[in-house]
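Okay, upload14.csv now, which holds CSV, C-alpha atoms (C1' of nucleotides):
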```
chain,number,residue,atom,x,y,z
X,1,MET,CA,13.6,-18.1,15.6
X,2,THR,CA,17.0,-17.6,17.2
X,3,ARG,CA,19.3,-14.7,16.7
X,4,HIS,CA,22.4,-15.4,14.6
X,5,GLU,CA,25.6,-13.6,15.2
X,6,THR,CA,25.4,-12.2,11.7
X,7,ASP,CA,22.2,-10.4,12.5
X,8,THR,CA,23.2,-6.8,12.6
X,9,PRO,CA,20.9,-4.8,14.8
X,10,LEU,CA,19.0,-2.1,13.0
X,11,PRO,CA,17.7,1.1,14.5
X,12,GLU,CA,14.0,1.7,14.7
X,13,PHE,CA,12.8,3.6,11.6
X,14,GLN,CA,9.3,4.3,10.6
X,15,LEU,CA,8.9,5.3,7.0
X,16,ASP,CA,5.5,6.8,7.6
X,17,ASP,CA,6.9,9.3,10.1
X,18,PHE,CA,9.7,10.3,7.8
X,19,LEU,CA,9.4,13.8,6.4
X,20,PRO,CA,10.9,13.2,2.9
X,21,TYR,CA,8.6,10.3,2.4
X,22,LEU,CA,5.5,12.1,3.7
X,23,MET,CA,6.3,15.1,1.6
X,24,ALA,CA,6.6,12.9,-1.5
X,25,GLU,CA,3.3,11.3,-0.7
X,26,ILE,CA,1.5,14.6,-0.2
X,27,ALA,CA,3.0,16.1,-3.3
X,28,THR,CA,1.9,13.2,-5.4
X,29,LYS,CA,-1.6,13.3,-4.0
X,30,LEU,CA,-2.1,17.0,-4.4
X,31,SER,CA,-0.5,17.0,-7.8
X,32,ASP,CA,-2.8,14.2,-9.0
X,33,GLU,CA,-5.9,15.9,-7.6
X,34,LEU,CA,-5.0,19.2,-9.2
X,35,ALA,CA,-4.2,17.4,-12.5
X,36,GLN,CA,-7.8,16.4,-12.8
X,37,GLY,CA,-8.5,20.0,-13.6
X,38,TYR,CA,-6.1,20.5,-16.5
X,39,ARG,CA,-5.7,16.9,-17.7
X,40,GLU,CA,-9.0,17.0,-19.4
X,41,ALA,CA,-7.8,20.0,-21.4
X,42,GLY,CA,-5.0,17.8,-22.7
X,43,LEU,CA,-2.3,19.4,-20.7
X,44,SER,CA,0.6,17.6,-19.0
X,45,MET,CA,2.0,18.9,-15.8
X,46,PRO,CA,5.0,20.6,-17.5
X,47,GLN,CA,2.6,22.1,-20.0
X,48,TRP,CA,0.4,23.3,-17.2
X,49,ARG,CA,3.2,25.0,-15.4
X,50,VAL,CA,4.4,26.7,-18.6
X,51,MET,CA,0.8,28.0,-19.2
X,52,VAL,CA,0.6,29.2,-15.6
X,53,HIS,CA,3.7,31.2,-15.9
X,54,LEU,CA,2.7,32.7,-19.2
X,55,SER,CA,-0.6,33.6,-17.6
X,56,HIS,CA,0.9,36.2,-15.3
X,57,ALA,CA,3.9,37.3,-17.3
X,58,GLY,CA,4.6,39.0,-20.5
X,59,PRO,CA,6.5,37.3,-23.3
X,60,VAL,CA,9.0,35.1,-21.7
X,61,SER,CA,12.0,33.0,-22.8
X,62,VAL,CA,12.4,29.3,-22.2
X,63,ARG,CA,15.2,30.0,-19.8
X,64,ASP,CA,13.0,32.3,-17.7
X,65,ILE,CA,10.4,29.6,-17.3
X,66,GLU,CA,13.1,27.1,-16.4
X,67,ARG,CA,14.1,29.3,-13.5
X,68,ARG,CA,10.7,30.3,-12.3
X,69,VAL,CA,8.8,27.1,-12.4
X,70,SER,CA,11.7,24.7,-11.8
X,71,LEU,CA,11.5,22.6,-14.9
X,72,GLU,CA,14.6,21.6,-16.7
X,73,ARG,CA,15.2,23.2,-20.1
X,74,PRO,CA,14.3,20.2,-22.2
X,75,LYS,CA,11.0,19.9,-20.5
X,76,VAL,CA,10.1,23.5,-21.1
X,77,SER,CA,11.2,23.2,-24.7
X,78,ARG,CA,9.1,20.2,-25.3
X,79,ALA,CA,6.1,21.6,-23.5
X,80,ALA,CA,6.4,24.8,-25.5
X,81,ALA,CA,6.6,22.9,-28.7
X,82,ALA,CA,3.5,20.9,-27.9
X,83,LEU,CA,1.6,24.0,-26.7
X,84,GLU,CA,2.4,25.8,-29.9
X,85,GLN,CA,1.3,22.8,-31.9
X,86,ALA,CA,-2.0,22.9,-29.9
X,87,GLY,CA,-2.4,26.6,-30.7
X,88,LEU,CA,-2.2,27.7,-27.1
X,89,VAL,CA,1.2,29.4,-27.3
X,90,THR,CA,3.1,31.4,-29.8
X,91,LYS,CA,6.9,31.3,-30.2
X,92,ARG,CA,8.7,34.2,-31.8
X,93,PRO,CA,12.3,35.0,-31.9
X,94,ASP,CA,13.3,37.8,-29.5
X,95,PRO,CA,14.2,40.8,-31.6
X,96,SER,CA,16.9,42.1,-29.3
X,97,ASP,CA,18.7,38.8,-28.7
X,98,GLY,CA,18.7,36.1,-31.4
X,99,ARG,CA,19.2,33.3,-29.0
X,100,LEU,CA,16.0,34.0,-27.0
X,101,ILE,CA,12.5,32.9,-27.9
X,102,ALA,CA,9.5,34.9,-26.7
X,103,LEU,CA,6.7,32.7,-25.6
X,104,SER,CA,3.2,34.1,-25.2
X,105,LEU,CA,-0.3,32.9,-24.8
X,106,THR,CA,-2.6,32.9,-27.8
X,107,PRO,CA,-6.1,34.2,-27.3
X,108,VAL,CA,-7.2,30.6,-27.2
X,109,GLY,CA,-4.6,29.9,-24.6
X,110,ARG,CA,-5.8,32.8,-22.5
X,111,GLU,CA,-9.3,31.6,-22.8
X,112,LEU,CA,-8.3,28.1,-21.6
X,113,MET,CA,-6.5,29.5,-18.6
X,114,ALA,CA,-9.4,31.8,-17.8
X,115,LYS,CA,-11.3,28.5,-17.3
X,116,LEU,CA,-8.6,26.5,-15.6
X,117,LEU,CA,-7.0,29.1,-13.2
X,118,PRO,CA,-10.2,29.6,-11.2
X,119,ARG,CA,-10.4,25.9,-10.6
X,120,ALA,CA,-6.8,25.8,-9.3
X,121,ILE,CA,-7.6,28.8,-7.1
X,122,ALA,CA,-10.7,27.1,-5.7
X,123,TYR,CA,-8.6,23.9,-5.1
X,124,GLN,CA,-6.2,26.0,-3.1
X,125,SER,CA,-9.0,27.5,-1.1
X,126,ASP,CA,-10.4,24.1,-0.3
X,127,LEU,CA,-7.0,23.1,1.0
X,128,GLU,CA,-6.7,26.2,3.1
X,129,THR,CA,-10.1,25.7,4.6
X,130,LEU,CA,-9.2,22.1,5.4
X,131,LEU,CA,-6.0,23.2,7.1
X,132,GLY,CA,-7.6,25.8,9.2
X,133,ARG,CA,-5.4,27.2,11.8
X,134,ASP,CA,-2.6,24.8,10.9
X,135,LEU,CA,-2.2,26.6,7.6
X,136,GLU,CA,0.1,29.1,9.2
X,137,GLY,CA,2.4,26.6,10.8
X,138,LEU,CA,2.5,24.5,7.7
X,139,ARG,CA,3.5,27.5,5.6
X,140,ARG,CA,6.2,28.6,8.0
X,141,GLY,CA,7.5,25.1,8.1
X,142,MET,CA,7.4,24.7,4.3
X,143,ASP,CA,9.2,28.0,4.0
X,144,LYS,CA,12.0,26.9,6.2
X,145,LEU,CA,12.4,23.6,4.3
X,146,LEU,CA,12.4,25.4,1.0
X,147,THR,CA,14.9,28.1,1.8
X,148,LYS,CA,17.3,26.1,4.0
X,149,LYS,CA,20.6,25.5,2.3
X,150,ALA,CA,21.4,22.0,1.2
X,151,ALA,CA,22.3,19.5,3.9
X,152,GLN,CA,25.9,19.0,5.0
B,1,MET,CA,0.3,48.3,-25.6
B,2,THR,CA,-3.5,48.5,-26.0
B,3,ARG,CA,-5.9,46.0,-24.7
B,4,HIS,CA,-7.6,44.0,-27.4
B,5,GLU,CA,-11.1,42.7,-27.1
B,6,THR,CA,-9.8,39.2,-27.4
B,7,ASP,CA,-7.7,39.6,-24.3
B,8,THR,CA,-9.5,37.5,-21.7
B,9,PRO,CA,-8.8,38.7,-18.2
B,10,LEU,CA,-7.0,36.2,-16.0
B,11,PRO,CA,-7.3,35.9,-12.2
B,12,GLU,CA,-4.2,36.6,-10.2
B,13,PHE,CA,-2.3,33.4,-9.5
B,14,GLN,CA,1.1,33.0,-7.9
B,15,LEU,CA,2.7,29.6,-8.5
B,16,ASP,CA,5.1,30.1,-5.6
B,17,ASP,CA,2.2,30.4,-3.2
B,18,PHE,CA,0.5,27.4,-4.5
B,19,LEU,CA,0.5,24.4,-2.2
B,20,PRO,CA,0.7,21.6,-4.7
B,21,TYR,CA,3.6,23.3,-6.4
B,22,LEU,CA,5.4,24.1,-3.1
B,23,MET,CA,4.9,20.5,-1.9
B,24,ALA,CA,6.4,19.2,-5.1
B,25,GLU,CA,9.4,21.5,-4.7
B,26,ILE,CA,10.0,20.5,-1.1
B,27,ALA,CA,9.5,16.8,-1.8
B,28,THR,CA,12.1,16.9,-4.6
B,29,LYS,CA,14.5,18.9,-2.5
B,30,LEU,CA,14.3,16.6,0.5
B,31,SER,CA,14.4,13.5,-1.6
B,32,ASP,CA,17.5,14.7,-3.4
B,33,GLU,CA,19.3,15.5,-0.2
B,34,LEU,CA,18.3,12.2,1.3
B,35,ALA,CA,19.4,10.4,-1.8
B,36,GLN,CA,23.0,11.5,-1.2
B,37,GLY,CA,23.0,9.0,1.6
B,38,TYR,CA,22.0,5.9,-0.2
B,39,ARG,CA,23.0,6.8,-3.8
B,40,GLU,CA,26.6,6.1,-3.1
B,41,ALA,CA,25.6,2.6,-2.0
B,42,GLY,CA,24.2,2.1,-5.5
B,43,LEU,CA,20.6,2.2,-4.4
B,44,SER,CA,17.8,3.9,-6.4
B,45,MET,CA,14.9,5.5,-4.6
B,46,PRO,CA,12.6,2.5,-5.1
B,47,GLN,CA,15.3,0.2,-4.0
B,48,TRP,CA,15.9,2.3,-0.9
B,49,ARG,CA,12.3,2.2,0.1
B,50,VAL,CA,12.2,-1.6,-0.3
B,51,MET,CA,15.2,-1.9,1.8
B,52,VAL,CA,13.7,0.3,4.5
B,53,HIS,CA,10.6,-1.7,4.6
B,54,LEU,CA,12.5,-5.0,4.9
B,55,SER,CA,14.6,-3.5,7.7
B,56,HIS,CA,11.7,-3.4,10.1
B,57,ALA,CA,9.6,-6.2,8.9
B,58,GLY,CA,10.0,-9.9,8.6
B,59,PRO,CA,9.8,-11.7,5.2
B,60,VAL,CA,7.3,-9.7,3.1
B,61,SER,CA,5.7,-10.1,-0.2
B,62,VAL,CA,5.9,-7.7,-3.1
B,63,ARG,CA,2.3,-6.8,-2.6
B,64,ASP,CA,2.9,-5.9,1.0
B,65,ILE,CA,5.7,-3.5,0.0
B,66,GLU,CA,3.5,-2.1,-2.7
B,67,ARG,CA,0.9,-1.1,-0.1
B,68,ARG,CA,3.2,0.1,2.7
B,69,VAL,CA,5.7,2.2,0.8
B,70,SER,CA,3.4,3.2,-2.0
B,71,LEU,CA,5.4,2.0,-5.0
B,72,GLU,CA,3.6,0.4,-7.9
B,73,ARG,CA,4.0,-3.3,-8.2
B,74,PRO,CA,6.4,-3.2,-11.2
B,75,LYS,CA,8.7,-0.9,-9.4
B,76,VAL,CA,8.9,-3.1,-6.4
B,77,SER,CA,9.4,-6.1,-8.6
B,78,ARG,CA,12.2,-4.6,-10.5
B,79,ALA,CA,13.8,-3.1,-7.4
B,80,ALA,CA,13.7,-6.5,-5.7
B,81,ALA,CA,15.2,-8.2,-8.7
B,82,ALA,CA,18.1,-5.7,-8.7
B,83,LEU,CA,18.6,-6.0,-5.0
B,84,GLU,CA,18.7,-9.8,-5.2
B,85,GLN,CA,21.2,-9.4,-8.0
B,86,ALA,CA,23.3,-7.2,-5.7
B,87,GLY,CA,23.1,-9.8,-2.9
B,88,LEU,CA,21.2,-7.5,-0.6
B,89,VAL,CA,17.9,-9.4,-0.6
B,90,THR,CA,16.7,-12.9,-1.0
B,91,LYS,CA,13.6,-14.0,-2.8
B,92,ARG,CA,12.0,-17.3,-1.8
B,93,PRO,CA,8.6,-18.7,-2.7
B,94,ASP,CA,6.1,-18.5,0.2
B,95,PRO,CA,5.4,-22.1,1.3
B,96,SER,CA,1.7,-21.4,2.2
B,97,ASP,CA,0.8,-19.5,-0.9
B,98,GLY,CA,2.4,-20.3,-4.2
B,99,ARG,CA,1.7,-16.9,-5.6
B,100,LEU,CA,3.6,-15.0,-3.0
B,101,ILE,CA,7.2,-14.3,-2.7
B,102,ALA,CA,9.0,-13.8,0.6
B,103,LEU,CA,11.6,-11.0,0.5
B,104,SER,CA,14.2,-10.7,3.2
B,105,LEU,CA,17.4,-8.9,3.8
B,106,THR,CA,20.6,-10.9,3.5
B,107,PRO,CA,23.3,-10.3,6.2
B,108,VAL,CA,25.0,-8.0,3.8
B,109,GLY,CA,21.8,-6.1,3.2
B,110,ARG,CA,21.3,-5.7,7.0
B,111,GLU,CA,24.8,-4.5,7.3
B,112,LEU,CA,24.3,-1.9,4.6
B,113,MET,CA,21.1,-0.7,6.3
B,114,ALA,CA,22.8,-0.6,9.6
B,115,LYS,CA,25.0,2.0,8.0
B,116,LEU,CA,22.4,3.9,6.1
B,117,LEU,CA,19.5,4.1,8.5
B,118,PRO,CA,21.3,6.2,11.1
B,119,ARG,CA,22.1,8.7,8.4
B,120,ALA,CA,18.5,8.9,7.5
B,121,ILE,CA,17.5,9.3,11.1
B,122,ALA,CA,20.1,12.0,11.6
B,123,TYR,CA,18.8,13.8,8.5
B,124,GLN,CA,15.3,13.7,10.0
B,125,SER,CA,16.6,15.1,13.3
B,126,ASP,CA,18.3,17.9,11.4
B,127,LEU,CA,15.0,18.8,9.7
B,128,GLU,CA,13.1,18.7,13.0
B,129,THR,CA,15.7,21.0,14.6
B,130,LEU,CA,15.4,23.4,11.8
B,131,LEU,CA,11.6,23.4,12.0
B,132,GLY,CA,11.6,24.0,15.7
B,133,ARG,CA,8.2,24.9,17.0
B,134,ASP,CA,6.7,24.8,13.6
B,135,LEU,CA,7.2,21.1,13.4
B,136,GLU,CA,4.0,20.4,15.2
B,137,GLY,CA,1.8,22.5,12.9
B,138,LEU,CA,3.6,21.2,9.9
B,139,ARG,CA,2.9,17.6,11.0
B,140,ARG,CA,-0.7,18.4,11.7
B,141,GLY,CA,-1.2,20.0,8.4
B,142,MET,CA,0.5,17.2,6.6
B,143,ASP,CA,-1.7,14.7,8.3
B,144,LYS,CA,-4.8,16.5,7.2
B,145,LEU,CA,-3.6,16.6,3.6
B,146,LEU,CA,-2.6,13.0,3.7
B,147,THR,CA,-5.8,11.7,5.1
B,148,LYS,CA,-8.3,13.9,3.4
B,149,LYS,CA,-10.4,12.1,0.9
B,150,ALA,CA,-9.8,13.0,-2.7
B,151,ALA,CA,-11.2,16.3,-3.9
B,152,GLN,CA,-14.7,16.5,-5.4
A,1,DC,C1',38.5,42.9,-35.0
A,2,DA,C1',39.3,38.1,-34.5
A,3,DA,C1',39.1,34.3,-31.3
A,4,DA,C1',37.7,32.2,-27.3
A,5,DA,C1',34.2,31.6,-24.0
A,6,DC,C1',29.6,31.6,-22.9
A,7,DA,C1',24.3,31.3,-23.2
A,8,DC,C1',20.1,29.7,-25.4
A,9,DG,C1',17.0,26.3,-27.2
A,10,DT,C1',16.7,21.9,-29.4
A,11,DT,C1',17.8,17.2,-30.1
A,12,DT,C1',19.7,12.7,-29.2
A,13,DC,C1',20.1,8.7,-26.5
A,14,DA,C1',20.1,5.7,-22.6
A,15,DT,C1',17.3,5.0,-18.6
A,16,DT,C1',13.1,5.1,-16.0
A,17,DT,C1',8.2,5.3,-15.7
A,18,DG,C1',3.4,3.5,-15.9
A,19,DC,C1',-0.1,0.7,-18.0
A,20,DA,C1',-1.7,-3.2,-19.7
A,21,DA,C1',-1.1,-7.9,-20.8
A,22,DC,C1',0.5,-12.5,-19.3
A,23,DG,C1',1.3,-17.0,-16.8
A,24,DA,C1',0.6,-19.1,-12.6
A,25,DT,C1',-1.7,-19.9,-8.3
A,26,DA,C1',-5.7,-19.6,-5.2
A,27,DA,C1',-10.4,-18.6,-3.9
A,28,DA,C1',-15.5,-18.4,-5.0
A,29,DG,C1',-19.5,-19.8,-7.2
A,30,DC,C1',-22.4,-23.2,-9.1
O,1,DG,C1',-15.5,-31.0,-8.5
O,2,DC,C1',-15.2,-28.0,-12.0
O,3,DT,C1',-15.5,-23.6,-13.9
O,4,DT,C1',-15.2,-18.7,-13.2
O,5,DT,C1',-13.2,-15.0,-10.9
O,6,DA,C1',-9.6,-12.8,-8.4
O,7,DT,C1',-4.7,-12.2,-6.9
O,8,DC,C1',0.3,-12.3,-7.3
O,9,DG,C1',4.6,-11.3,-9.5
O,10,DT,C1',6.7,-10.5,-13.9
O,11,DT,C1',7.4,-8.7,-18.4
O,12,DG,C1',6.6,-5.8,-22.8
O,13,DC,C1',6.0,-1.6,-24.7
O,14,DA,C1',5.0,3.1,-25.5
O,15,DA,C1',5.9,7.4,-23.3
O,16,DA,C1',8.4,10.5,-20.2
O,17,DT,C1',12.7,11.7,-18.1
O,18,DG,C1',17.5,13.6,-17.5
O,19,DA,C1',22.3,14.3,-19.1
O,20,DA,C1',25.1,15.4,-22.5
O,21,DA,C1',26.0,17.0,-27.2
O,22,DC,C1',24.9,20.1,-30.9
O,23,DG,C1',24.0,24.4,-33.7
O,24,DT,C1',23.3,29.1,-33.4
O,25,DG,C1',23.9,33.5,-31.6
O,26,DT,C1',26.2,36.7,-28.2
O,27,DT,C1',29.6,38.5,-25.2
O,28,DT,C1',34.3,38.8,-23.6
O,29,DT,C1',39.1,39.0,-24.2
O,30,DG,C1',43.4,39.9,-26.1
```
Can you give me the file's structure in the form of structure tokens?
Amino acid sequence: MTRHETDTPLPEFQLDDFLPYLMAEIATKLSDELAQGYREAGLSMPQWRVMVHLSHAGPVSVRDIERRVSLERPKVSRAAAALEQAGLVTKRPDPSDGRLIALSLTPVGRELMAKLLPRAIAYQSDLETLLGRDLEGLRRGMDKLLTKKAAQ
Amino acid sequence: MTRHETDTPLPEFQLDDFLPYLMAEIATKLSDELAQGYREAGLSMPQWRVMVHLSHAGPVSVRDIERRVSLERPKVSRAAAALEQAGLVTKRPDPSDGRLIALSLTPVGRELMAKLLPRAIAYQSDLETLLGRDLEGLRRGMDKLLTKKAAQ
DNA sequence: CAAAACACGTTTCATTTGCAACGATAAAGC
DNA sequence: GCTTTATCGTTGCAAATGAAACGTGTTTTG
């Protein structure tokens, strides 16, 4: 097979060494594995995150959750609606600001999270054990990537 | 505020220390930054990955791409159709196996990748510079996470 | 105090997704 | 050799996603 003049030379590039790609792969894998824990409780990932945030915070607004668990407002809103429907969360208007809605776990919701959170914690432990002494470097690297300001 | 008997105690759990969550955050961030490079060329992420794979491989089938860049078959199929439409890729039936389709870059496609790939490589370099001596640990950790067999 | 600007949560709508069929070809089993 | 089974690529369809618009309430400004 001869080389035509129109064949533009391309630089070497291995996708499986490429950090954005690898990160996406790992994120998907870990997320899927973790989801085994809460999926059987009927929770979607956005719903799971909302529940997690409500687990260690008092009554919170949709906007709060949006900021702290990085879900877009519509996702939080829909997740909250579904969770209320399922009896896991209550939505009340905030007395001091009519625009805000105060989300809280119901007792049933708390019970569910009391079951699910330990699994998540155990999963994290397993990961940390696996990582061993590389955990520290991984965390430092992840920190740098997370906090760096956007490229160019 | 008094504690009711129905208040189930919940374990401490910080989402922003949680590896699956952090990984998802970083993956999204890096992916978005990278996408600035190819988005303006009209490529979606699946299309970008298909183009990358075609850049350093000969004529390849959809199934091949599916396996090597971890995109589900329908995504590859649709991406390939759009890329053919855009004149960046050609689709021919494989002569030796009638089920397979051979995808290749057109000269225009090669030219485009000759422009885009260096940007991606530069982006990777920037990341590695930022990571400094943590790069090694990060890569080792990522390797472990990627290759570990699924949990329980 | 009225009017403009802003913030919150929801909803709408077009697009993207993921799963499951489907038609077509090839390989395996009998 | 013929039927069954498996593989490939595409397509349909229901659900999820993301951006913008909307209604409501609050703050700011003049």
Problem set entry | Gap from atom CA of X:Ala120 to atom CA of X:Leu34 - Å, one decimal |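 Between atom CA of X:Ala120 and atom CA of X:Leu34 the gap is 6.8 Å.
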For this session: Compile the residues of chain O that lie within 10 Å of chain X, evaluated using all atoms listed in the file, and express the compilation as a ChimeraX atom specification.
Result: /O:16-18,24-26
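Counting all atoms listed in the file, O:DA6 has the following residues at most 9 Å away, ignoring those fewer than 4 positions along the same chain: DA26, DA27 and DA28 of chain A.
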Store the residues picked out above in a file with C-alpha atoms (C1' of nucleotides), as a compact mmCIF listing (two decimals), in the frame of the given file.
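Output file selection-v7.txt is given in full below:
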```
# COMPACT_ATOMS: atom_id res chain seq x y z
C1' DA A 26 -5.70 -19.60 -5.20
C1' DA A 27 -10.40 -18.60 -3.90
C1' DA A 28 -15.50 -18.40 -5.00
```
Exercise. What residues in chain A lie within 10 Å of chain B, counting only C-alpha atoms (C1' of nucleotides), written as a ChimeraX atom specification?
Worked result: /A:16-18,24-26
For this session: Please report as a PyMOL selection string which residues of chain X come no farther than 8 Å from chain B, using all atoms listed in the file.
Result: chain X and resi 6-13+15+18-31+33-34+52-53+55-56+69+107+110-111+113-114+117-118+121+124+127+130-131+134-142+144-146+150-151
For this session: Take the point (30.8, 31.7, -26.0) in the file's coordinates, draw a sphere of radius 7 Å around it, and report as number ranges by chain every protein, DNA or RNA residue with an atom inside or on it, counting all atoms listed in the file.
Result: A: 5-6; O: 27
Starting from the point (8.2, 24.5, -23.1), work out which residues of protein, DNA or RNA have an atom no more than 9 Å away when counting all atoms listed in the file; state them as a PDB file with C-alpha atoms, keeping the file's coordinate frame.
```pdb
ATOM      1  CA  PRO X  46       5.000  20.600 -17.500  1.00  0.00           C
ATOM      2  CA  GLN X  47       2.600  22.100 -20.000  1.00  0.00           C
ATOM      3  CA  VAL X  50       4.400  26.700 -18.600  1.00  0.00           C
ATOM      4  CA  VAL X  62      12.400  29.300 -22.200  1.00  0.00           C
ATOM      5  CA  ILE X  65      10.400  29.600 -17.300  1.00  0.00           C
ATOM      6  CA  GLU X  66      13.100  27.100 -16.400  1.00  0.00           C
ATOM      7  CA  ARG X  73      15.200  23.200 -20.100  1.00  0.00           C
ATOM      8  CA  PRO X  74      14.300  20.200 -22.200  1.00  0.00           C
ATOM      9  CA  LYS X  75      11.000  19.900 -20.500  1.00  0.00           C
ATOM     10  CA  VAL X  76      10.100  23.500 -21.100  1.00  0.00           C
ATOM     11  CA  SER X  77      11.200  23.200 -24.700  1.00  0.00           C
ATOM     12  CA  ARG X  78       9.100  20.200 -25.300  1.00  0.00           C
ATOM     13  CA  ALA X  79       6.100  21.600 -23.500  1.00  0.00           C
ATOM     14  CA  ALA X  80       6.400  24.800 -25.500  1.00  0.00           C
ATOM     15  CA  ALA X  81       6.600  22.900 -28.700  1.00  0.00           C
ATOM     16  CA  ALA X  82       3.500  20.900 -27.900  1.00  0.00           C
ATOM     17  CA  LEU X  83       1.600  24.000 -26.700  1.00  0.00           C
ATOM     18  CA  LEU X 103       6.700  32.700 -25.600  1.00  0.00           C
TER      19      LEU X 103
END
```
